[in-house]
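Read the structure below first, then the notes.
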Amino acid sequence: MMKNECSVVQDVLPLYLENMVSEGTTVFVKEHLENCSDCAAEFERLKSGRQIDEAAPQREHDTDVITAVKKKIAKKIFKIVAVVCLVFAVLFCAVLFYTGISYPVTKESISLSTKTDSEYTYIILETKAGKSLFFESKTEDILNDHNEVCGRRIVLYNVQYHNSFTKNTSSMSWGKPLNDEKPYLEVIVELENDTLQISNAE
């Protein structure tokens, strides 16, 4: 008799779990579960499976929310990176434009001078503040009256100024040891409408 009841109860357990049986059947199943460990175990198994099934849609919903949030964050990061790259590109182009503008060099905007210490004699070229000096150069031997090499001549040509971010003057120098066998040193700066020349003999 008990086995027949178990068979009937287990058949209606899914409906009982969903509250889809009559009041009399509910009382009957409840009393049976209190006295039958096998059916009670089956009921717990069905109830656990139902809880898992109910939780699954919530997990899927949570996953969808997390995915959507990740996409929004990725879009924001992409926009920020794009804006930063654009700003750097604009600044880079502005720097290139600013420093790429060239100006003619006049004799009033550069100076040549000489300096001698205990070991060397120098020729110093000093530039205008806030400008960078660009030029091409060539080196020639200086010959004396006997057609012998007695020194070195440095010629600067295609001389131009470019904008610079520094507000200080800059300088460059050329030197010769005082005990050099060919101590003579000369610098010539060929400007657009003028020529500057100086030597360490002056």
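In the structure tokens, chains take the letters A, B, ... in the order shown, each chain's residues start at 1, and ligands count up from 1 in the order shown.
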
Practice problem: Pull the strand (DSSP E) assignments for segment 20-155 of chain A out of DSSP run on the backbone, and list those residues as a VMD selection string. | Solution: chain A and resid 102 to 104 111 to 116 120 to 126 131 to 143 149 to 155

> What does the distance from atom CA of Asp117 of chain A to atom CA of Pro177 of chain A come to in Å, to one decimal?
Replying inline: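 Here the two named atoms are 9.7 Å from each other.
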
Can you pull out every residue within 9 Å of Ser199 of chain A, counting only C-alpha atoms, but drop anything in the same chain fewer than 5 positions away, and send it as a CSV table (one decimal) with N, CA, C and O atoms, in the first residue's frame?
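Final file, around_25.csv:
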```csv
chain,number,residue,atom,x,y,z
A,113,SER,N,83.3,86.3,-31.9
A,113,SER,CA,84.3,86.8,-31.0
A,113,SER,C,85.4,85.8,-30.8
A,113,SER,O,85.2,84.6,-31.1
A,114,THR,N,86.5,86.2,-30.3
A,114,THR,CA,87.6,85.3,-30.0
A,114,THR,C,87.9,85.2,-28.5
A,114,THR,O,87.6,86.2,-27.7
A,123,ILE,N,87.2,80.6,-31.4
A,123,ILE,CA,86.3,81.5,-32.0
A,123,ILE,C,84.9,81.1,-31.6
A,123,ILE,O,84.5,80.0,-31.7
A,153,ARG,N,90.1,76.8,-42.1
A,153,ARG,CA,89.0,77.7,-42.4
A,153,ARG,C,87.7,77.0,-42.3
A,153,ARG,O,87.5,76.0,-43.0
A,184,TYR,N,96.5,78.5,-37.0
A,184,TYR,CA,95.6,79.6,-37.5
A,184,TYR,C,94.2,79.0,-37.7
A,184,TYR,O,94.0,77.9,-38.2
A,185,LEU,N,93.2,79.7,-37.2
A,185,LEU,CA,91.8,79.3,-37.3
A,185,LEU,C,91.0,80.5,-37.8
A,185,LEU,O,91.1,81.6,-37.3
A,186,GLU,N,90.1,80.2,-38.8
A,186,GLU,CA,89.3,81.3,-39.3
A,186,GLU,C,87.9,80.8,-39.5
A,186,GLU,O,87.7,79.6,-39.9
A,187,VAL,N,86.9,81.6,-39.2
A,187,VAL,CA,85.5,81.3,-39.4
A,187,VAL,C,84.8,82.3,-40.3
A,187,VAL,O,85.0,83.6,-40.0
A,188,ILE,N,84.2,81.9,-41.3
A,188,ILE,CA,83.5,82.8,-42.3
A,188,ILE,C,82.0,82.4,-42.3
A,188,ILE,O,81.6,81.2,-42.4
```

Hey, what does DSSP flag as helix (DSSP H, G or I) within chain A? Can you give it to me as a CSV table (one decimal) with N, CA, C and O atoms, in the first residue's frame?
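Result file follows (part.csv):
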```
chain,number,residue,atom,x,y,z
A,2,MET,N,1.9,1.2,0.8
A,2,MET,CA,2.8,2.3,0.9
A,2,MET,C,3.5,2.6,-0.4
A,2,MET,O,3.7,3.8,-0.8
A,3,LYS,N,3.9,1.5,-1.1
A,3,LYS,CA,4.5,1.7,-2.4
A,3,LYS,C,3.6,2.4,-3.4
A,3,LYS,O,4.0,3.2,-4.2
A,4,ASN,N,2.3,2.0,-3.4
A,4,ASN,CA,1.4,2.6,-4.3
A,4,ASN,C,1.2,4.1,-4.0
A,4,ASN,O,1.1,4.9,-4.9
A,5,GLU,N,1.2,4.4,-2.7
A,5,GLU,CA,1.1,5.8,-2.3
A,5,GLU,C,2.3,6.6,-2.8
A,5,GLU,O,2.2,7.7,-3.3
A,6,CYS,N,3.5,6.0,-2.6
A,6,CYS,CA,4.7,6.6,-3.1
A,6,CYS,C,4.7,6.9,-4.5
A,6,CYS,O,5.1,8.0,-5.0
A,7,SER,N,4.2,6.0,-5.3
A,7,SER,CA,4.1,6.1,-6.7
A,7,SER,C,3.2,7.3,-7.1
A,7,SER,O,3.5,8.1,-8.0
A,8,VAL,N,2.0,7.3,-6.4
A,8,VAL,CA,1.0,8.4,-6.7
A,8,VAL,C,1.6,9.8,-6.3
A,8,VAL,O,1.5,10.8,-7.0
A,9,VAL,N,2.2,9.8,-5.1
A,9,VAL,CA,2.8,11.1,-4.5
A,9,VAL,C,3.9,11.6,-5.4
A,9,VAL,O,3.9,12.8,-5.8
A,10,GLN,N,4.8,10.7,-5.9
A,10,GLN,CA,5.9,11.2,-6.7
A,10,GLN,C,5.4,11.6,-8.1
A,10,GLN,O,6.0,12.5,-8.7
A,11,ASP,N,4.3,11.1,-8.5
A,11,ASP,CA,3.7,11.5,-9.8
A,11,ASP,C,3.2,13.0,-9.7
A,11,ASP,O,3.2,13.7,-10.6
A,12,VAL,N,2.6,13.3,-8.5
A,12,VAL,CA,2.0,14.6,-8.4
A,12,VAL,C,2.9,15.6,-7.7
A,12,VAL,O,2.5,16.8,-7.5
A,13,LEU,N,4.1,15.2,-7.3
A,13,LEU,CA,5.1,16.1,-6.6
A,13,LEU,C,5.3,17.4,-7.5
A,13,LEU,O,5.4,18.5,-6.9
A,14,PRO,N,5.6,17.2,-8.8
A,14,PRO,CA,5.8,18.5,-9.6
A,14,PRO,C,4.6,19.4,-9.5
A,14,PRO,O,4.8,20.7,-9.4
A,15,LEU,N,3.4,18.9,-9.6
A,15,LEU,CA,2.2,19.8,-9.5
A,15,LEU,C,2.1,20.3,-8.0
A,15,LEU,O,1.7,21.5,-7.9
A,16,TYR,N,2.4,19.5,-7.0
A,16,TYR,CA,2.3,19.9,-5.6
A,16,TYR,C,3.3,21.1,-5.4
A,16,TYR,O,3.0,22.0,-4.7
A,17,LEU,N,4.5,20.9,-6.0
A,17,LEU,CA,5.5,22.0,-5.9
A,17,LEU,C,5.1,23.3,-6.4
A,17,LEU,O,5.5,24.4,-5.9
A,23,GLU,N,-6.9,21.1,-2.6
A,23,GLU,CA,-6.6,21.2,-1.1
A,23,GLU,C,-6.5,19.8,-0.5
A,23,GLU,O,-5.6,19.6,0.3
A,24,GLY,N,-7.4,18.9,-0.9
A,24,GLY,CA,-7.3,17.6,-0.3
A,24,GLY,C,-6.0,16.8,-0.7
A,24,GLY,O,-5.4,16.2,0.1
A,25,THR,N,-5.7,17.0,-2.0
A,25,THR,CA,-4.4,16.4,-2.4
A,25,THR,C,-3.2,17.0,-1.7
A,25,THR,O,-2.3,16.3,-1.4
A,26,THR,N,-3.3,18.3,-1.5
A,26,THR,CA,-2.2,18.9,-0.8
A,26,THR,C,-2.0,18.4,0.6
A,26,THR,O,-0.9,18.1,1.1
A,27,VAL,N,-3.1,18.2,1.3
A,27,VAL,CA,-3.0,17.6,2.7
A,27,VAL,C,-2.5,16.2,2.6
A,27,VAL,O,-1.7,15.8,3.4
A,28,PHE,N,-3.0,15.4,1.6
A,28,PHE,CA,-2.5,14.0,1.5
A,28,PHE,C,-1.0,13.9,1.2
A,28,PHE,O,-0.3,13.2,1.9
A,29,VAL,N,-0.5,14.8,0.3
A,29,VAL,CA,0.9,14.7,0.0
A,29,VAL,C,1.7,15.2,1.1
A,29,VAL,O,2.8,14.6,1.4
A,30,LYS,N,1.3,16.2,1.8
A,30,LYS,CA,2.0,16.8,2.9
A,30,LYS,C,2.2,15.7,4.0
A,30,LYS,O,3.3,15.5,4.6
A,31,GLU,N,1.1,15.0,4.4
A,31,GLU,CA,1.1,14.0,5.4
A,31,GLU,C,2.1,12.8,5.0
A,31,GLU,O,2.8,12.3,5.8
A,32,HIS,N,2.0,12.5,3.7
A,32,HIS,CA,2.8,11.4,3.2
A,32,HIS,C,4.3,11.8,3.3
A,32,HIS,O,5.1,11.0,3.7
A,33,LEU,N,4.6,13.0,2.9
A,33,LEU,CA,6.0,13.4,3.0
A,33,LEU,C,6.6,13.4,4.4
A,33,LEU,O,7.8,13.2,4.6
A,34,GLU,N,5.7,13.7,5.4
A,34,GLU,CA,6.1,13.7,6.8
A,34,GLU,C,6.5,12.3,7.2
A,34,GLU,O,7.3,12.1,8.2
A,35,ASN,N,5.9,11.3,6.6
A,35,ASN,CA,6.1,9.9,7.0
A,35,ASN,C,6.9,9.0,6.1
A,35,ASN,O,7.2,7.9,6.4
A,37,SER,N,10.5,9.0,4.0
A,37,SER,CA,11.8,9.6,3.8
A,37,SER,C,12.1,9.6,2.3
A,37,SER,O,12.8,10.6,1.8
A,38,ASP,N,11.8,8.6,1.6
A,38,ASP,CA,12.1,8.5,0.2
A,38,ASP,C,11.4,9.6,-0.6
A,38,ASP,O,12.0,10.3,-1.5
A,39,CYS,N,10.1,9.7,-0.4
A,39,CYS,CA,9.4,10.8,-1.1
A,39,CYS,C,9.8,12.2,-0.7
A,39,CYS,O,9.8,13.1,-1.5
A,40,ALA,N,10.1,12.3,0.6
A,40,ALA,CA,10.6,13.6,1.1
A,40,ALA,C,11.9,14.0,0.4
A,40,ALA,O,12.1,15.1,0.0
A,41,ALA,N,12.8,13.0,0.2
A,41,ALA,CA,14.1,13.2,-0.5
A,41,ALA,C,13.8,13.6,-1.9
A,41,ALA,O,14.5,14.5,-2.4
A,42,GLU,N,12.9,12.9,-2.6
A,42,GLU,CA,12.6,13.2,-4.0
A,42,GLU,C,12.0,14.7,-4.1
A,42,GLU,O,12.3,15.4,-5.0
A,43,PHE,N,11.2,15.0,-3.1
A,43,PHE,CA,10.6,16.4,-3.0
A,43,PHE,C,11.7,17.4,-2.9
A,43,PHE,O,11.7,18.5,-3.6
A,44,GLU,N,12.7,17.2,-2.0
A,44,GLU,CA,13.8,18.1,-1.8
A,44,GLU,C,14.6,18.3,-3.1
A,44,GLU,O,15.1,19.3,-3.5
A,45,ARG,N,14.8,17.1,-3.8
A,45,ARG,CA,15.5,17.1,-5.1
A,45,ARG,C,14.8,18.0,-6.1
A,45,ARG,O,15.4,18.8,-6.8
A,46,LEU,N,13.5,17.8,-6.2
A,46,LEU,CA,12.7,18.6,-7.2
A,46,LEU,C,12.7,20.1,-6.8
A,46,LEU,O,12.9,21.0,-7.6
A,47,LYS,N,12.7,20.4,-5.5
A,47,LYS,CA,12.6,21.8,-5.0
A,47,LYS,C,14.0,22.4,-5.3
A,47,LYS,O,14.0,23.6,-5.7
A,48,SER,N,15.1,21.7,-5.1
A,48,SER,CA,16.4,22.3,-5.4
A,48,SER,C,16.6,22.5,-6.9
A,48,SER,O,17.1,23.6,-7.3
A,49,GLY,N,16.1,21.6,-7.7
A,49,GLY,CA,16.2,21.8,-9.2
A,49,GLY,C,15.4,23.0,-9.6
A,49,GLY,O,15.8,23.8,-10.5
A,50,ARG,N,14.3,23.3,-9.0
A,50,ARG,CA,13.4,24.4,-9.3
A,50,ARG,C,14.1,25.7,-8.9
A,50,ARG,O,14.1,26.7,-9.7
A,51,GLN,N,14.8,25.7,-7.8
A,51,GLN,CA,15.5,26.9,-7.3
A,51,GLN,C,16.7,27.3,-8.3
A,51,GLN,O,16.9,28.4,-8.6
A,52,ILE,N,17.4,26.2,-8.8
A,52,ILE,CA,18.4,26.4,-9.8
A,52,ILE,C,17.9,27.0,-11.0
A,52,ILE,O,18.4,28.0,-11.6
A,53,ASP,N,16.7,26.5,-11.5
A,53,ASP,CA,16.1,27.0,-12.7
A,53,ASP,C,15.7,28.4,-12.6
A,53,ASP,O,15.8,29.2,-13.5
A,54,GLU,N,15.2,28.8,-11.4
A,54,GLU,CA,14.7,30.1,-11.2
A,54,GLU,C,15.9,31.1,-11.1
A,54,GLU,O,15.8,32.3,-11.5
A,55,ALA,N,17.1,30.6,-10.6
A,55,ALA,CA,18.2,31.5,-10.5
A,55,ALA,C,18.9,31.7,-11.8
A,55,ALA,O,19.6,32.7,-12.0
A,56,ALA,N,18.8,30.7,-12.7
A,56,ALA,CA,19.5,30.8,-14.0
A,56,ALA,C,19.1,32.1,-14.8
A,56,ALA,O,20.1,32.8,-15.3
A,57,PRO,N,17.9,32.5,-14.9
A,57,PRO,CA,17.6,33.7,-15.7
A,57,PRO,C,18.2,35.0,-15.0
A,57,PRO,O,18.6,35.9,-15.7
A,58,GLN,N,18.2,34.9,-13.6
A,58,GLN,CA,18.8,36.1,-12.9
A,58,GLN,C,20.3,36.2,-13.3
A,58,GLN,O,20.9,37.3,-13.5
A,59,ARG,N,21.0,35.0,-13.3
A,59,ARG,CA,22.4,35.0,-13.6
A,59,ARG,C,22.6,35.5,-15.1
A,59,ARG,O,23.6,36.2,-15.3
A,60,GLU,N,21.8,35.0,-16.0
A,60,GLU,CA,21.9,35.5,-17.3
A,60,GLU,C,21.7,37.0,-17.4
A,60,GLU,O,22.4,37.7,-18.1
A,61,HIS,N,20.7,37.5,-16.6
A,61,HIS,CA,20.5,39.0,-16.6
A,61,HIS,C,21.7,39.7,-16.1
A,61,HIS,O,22.1,40.7,-16.6
A,62,ASP,N,22.3,39.2,-15.0
A,62,ASP,CA,23.5,39.8,-14.4
A,62,ASP,C,24.6,39.8,-15.4
A,62,ASP,O,25.4,40.8,-15.5
A,63,THR,N,24.8,38.7,-16.1
A,63,THR,CA,25.8,38.6,-17.1
A,63,THR,C,25.6,39.7,-18.2
A,63,THR,O,26.6,40.3,-18.7
A,64,ASP,N,24.4,39.8,-18.7
A,64,ASP,CA,24.0,40.8,-19.7
A,64,ASP,C,24.4,42.2,-19.2
A,64,ASP,O,24.9,43.1,-19.9
A,65,VAL,N,24.0,42.5,-17.9
A,65,VAL,CA,24.3,43.8,-17.3
A,65,VAL,C,25.8,44.1,-17.3
A,65,VAL,O,26.3,45.2,-17.7
A,66,ILE,N,26.6,43.1,-16.8
A,66,ILE,CA,28.0,43.2,-16.8
A,66,ILE,C,28.6,43.5,-18.1
A,66,ILE,O,29.5,44.3,-18.3
A,67,THR,N,28.1,42.7,-19.1
A,67,THR,CA,28.6,42.9,-20.5
A,67,THR,C,28.3,44.3,-21.0
A,67,THR,O,29.2,44.9,-21.7
A,68,ALA,N,27.1,44.8,-20.7
A,68,ALA,CA,26.7,46.1,-21.2
A,68,ALA,C,27.6,47.2,-20.5
A,68,ALA,O,28.1,48.1,-21.2
A,69,VAL,N,27.9,47.0,-19.2
A,69,VAL,CA,28.7,48.0,-18.5
A,69,VAL,C,30.2,48.0,-19.1
A,69,VAL,O,30.8,49.0,-19.3
A,70,LYS,N,30.7,46.8,-19.4
A,70,LYS,CA,32.0,46.6,-19.9
A,70,LYS,C,32.1,47.4,-21.3
A,70,LYS,O,33.1,48.0,-21.6
A,71,LYS,N,31.0,47.2,-22.1
A,71,LYS,CA,31.0,47.9,-23.4
A,71,LYS,C,31.0,49.4,-23.2
A,71,LYS,O,31.7,50.1,-24.0
A,72,LYS,N,30.2,49.9,-22.3
A,72,LYS,CA,30.2,51.3,-22.0
A,72,LYS,C,31.6,51.9,-21.6
A,72,LYS,O,32.0,52.9,-22.0
A,73,ILE,N,32.2,51.1,-20.7
A,73,ILE,CA,33.5,51.5,-20.2
A,73,ILE,C,34.5,51.5,-21.3
A,73,ILE,O,35.4,52.4,-21.5
A,74,ALA,N,34.5,50.4,-22.2
A,74,ALA,CA,35.4,50.4,-23.3
A,74,ALA,C,35.2,51.5,-24.3
A,74,ALA,O,36.2,52.1,-24.8
A,75,LYS,N,33.9,51.9,-24.5
A,75,LYS,CA,33.6,53.1,-25.4
A,75,LYS,C,34.2,54.4,-24.8
A,75,LYS,O,34.8,55.2,-25.5
A,76,LYS,N,34.0,54.5,-23.5
A,76,LYS,CA,34.6,55.7,-22.8
A,76,LYS,C,36.1,55.8,-22.9
A,76,LYS,O,36.7,56.8,-23.2
A,77,ILE,N,36.7,54.6,-22.7
A,77,ILE,CA,38.2,54.6,-22.7
A,77,ILE,C,38.6,54.9,-24.2
A,77,ILE,O,39.6,55.6,-24.4
A,78,PHE,N,37.9,54.3,-25.1
A,78,PHE,CA,38.3,54.6,-26.5
A,78,PHE,C,38.2,56.1,-26.9
A,78,PHE,O,39.1,56.7,-27.5
A,79,LYS,N,37.1,56.7,-26.4
A,79,LYS,CA,36.9,58.1,-26.7
A,79,LYS,C,38.0,59.0,-26.0
A,79,LYS,O,38.5,59.9,-26.6
A,80,ILE,N,38.3,58.6,-24.7
A,80,ILE,CA,39.4,59.3,-24.0
A,80,ILE,C,40.7,59.2,-24.8
A,80,ILE,O,41.5,60.2,-25.0
A,81,VAL,N,41.1,58.0,-25.2
A,81,VAL,CA,42.3,57.7,-25.9
A,81,VAL,C,42.3,58.5,-27.2
A,81,VAL,O,43.3,59.1,-27.6
A,82,ALA,N,41.2,58.5,-27.9
A,82,ALA,CA,41.1,59.2,-29.2
A,82,ALA,C,41.3,60.7,-29.0
A,82,ALA,O,42.0,61.4,-29.8
A,83,VAL,N,40.7,61.3,-27.9
A,83,VAL,CA,40.8,62.7,-27.7
A,83,VAL,C,42.3,63.0,-27.3
A,83,VAL,O,42.8,64.0,-27.8
A,84,VAL,N,42.9,62.2,-26.5
A,84,VAL,CA,44.3,62.4,-26.1
A,84,VAL,C,45.2,62.4,-27.3
A,84,VAL,O,46.1,63.2,-27.5
A,85,CYS,N,45.0,61.4,-28.2
A,85,CYS,CA,45.8,61.3,-29.4
A,85,CYS,C,45.6,62.5,-30.3
A,85,CYS,O,46.6,63.0,-30.9
A,86,LEU,N,44.4,62.9,-30.4
A,86,LEU,CA,44.1,64.1,-31.2
A,86,LEU,C,44.8,65.4,-30.7
A,86,LEU,O,45.4,66.1,-31.4
A,87,VAL,N,44.8,65.5,-29.3
A,87,VAL,CA,45.4,66.7,-28.7
A,87,VAL,C,46.9,66.6,-29.0
A,87,VAL,O,47.5,67.6,-29.3
A,88,PHE,N,47.5,65.4,-28.8
A,88,PHE,CA,49.0,65.3,-29.0
A,88,PHE,C,49.3,65.6,-30.5
A,88,PHE,O,50.3,66.2,-30.8
A,89,ALA,N,48.4,65.1,-31.4
A,89,ALA,CA,48.7,65.3,-32.8
A,89,ALA,C,48.6,66.8,-33.2
A,89,ALA,O,49.5,67.3,-33.9
A,90,VAL,N,47.7,67.5,-32.6
A,90,VAL,CA,47.5,69.0,-32.8
A,90,VAL,C,48.8,69.7,-32.3
A,90,VAL,O,49.3,70.6,-32.9
A,91,LEU,N,49.2,69.3,-31.0
A,91,LEU,CA,50.3,70.0,-30.4
A,91,LEU,C,51.6,69.7,-31.2
A,91,LEU,O,52.4,70.6,-31.4
A,92,PHE,N,51.7,68.5,-31.7
A,92,PHE,CA,52.9,68.1,-32.5
A,92,PHE,C,53.0,68.9,-33.8
A,92,PHE,O,54.0,69.4,-34.1
A,93,CYS,N,51.8,69.0,-34.4
A,93,CYS,CA,51.8,69.8,-35.7
A,93,CYS,C,52.1,71.3,-35.4
A,93,CYS,O,52.8,71.9,-36.2
A,94,ALA,N,51.5,71.8,-34.3
A,94,ALA,CA,51.8,73.2,-33.9
A,94,ALA,C,53.3,73.4,-33.7
A,94,ALA,O,53.8,74.4,-34.1
A,95,VAL,N,53.9,72.5,-33.0
A,95,VAL,CA,55.4,72.6,-32.7
A,95,VAL,C,56.2,72.5,-34.0
A,95,VAL,O,57.1,73.3,-34.2
A,96,LEU,N,55.8,71.6,-34.9
A,96,LEU,CA,56.5,71.5,-36.2
A,96,LEU,C,56.3,72.8,-37.0
A,96,LEU,O,57.3,73.3,-37.6
A,97,PHE,N,55.1,73.3,-36.9
A,97,PHE,CA,54.9,74.6,-37.7
A,97,PHE,C,55.6,75.7,-37.1
A,97,PHE,O,56.3,76.5,-37.8
A,98,TYR,N,55.6,75.8,-35.7
A,98,TYR,CA,56.3,76.9,-35.1
A,98,TYR,C,57.8,76.9,-35.3
A,98,TYR,O,58.5,77.9,-35.6
A,99,THR,N,58.4,75.7,-35.1
A,99,THR,CA,59.8,75.6,-35.2
A,99,THR,C,60.3,75.4,-36.7
A,99,THR,O,61.5,75.6,-37.0
A,100,GLY,N,59.3,75.2,-37.6
A,100,GLY,CA,59.7,75.0,-39.0
A,100,GLY,C,59.8,76.3,-39.8
A,100,GLY,O,60.3,76.4,-40.9
```

Among A:Val159, A:Ile198, A:Ser118, A:Asn179, Pro104 of chain A is approached most closely, using only C-alpha atoms, by A:Val159

task: Quote the spacing between atom CA of Gly151 of chain A and atom CA of Glu181 of chain A in Å to one decimal place.
output: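 Between these atoms lies a distance of 8.5 Å.
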
With distances taken over only C-alpha atoms, the candidate from A:Lys131, A:Lys176, A:Lys107, A:Lys115 nearest Val189 of chain A is A:Lys107

Can you work out the spacing between atom CA of Gly175 of chain A and atom CA of Tyr161 of chain A in Å, to one decimal?
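So the two atoms, atom CA of Gly175 of chain A and atom CA of Tyr161 of chain A, lie 23.7 Å apart.
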
Problem - Who sits within 7 Å of Glu136 of chain A, only C-alpha atoms, same chain under 5 positions skipped, as a PyMOL selection string - result: chain A and resi 156-158
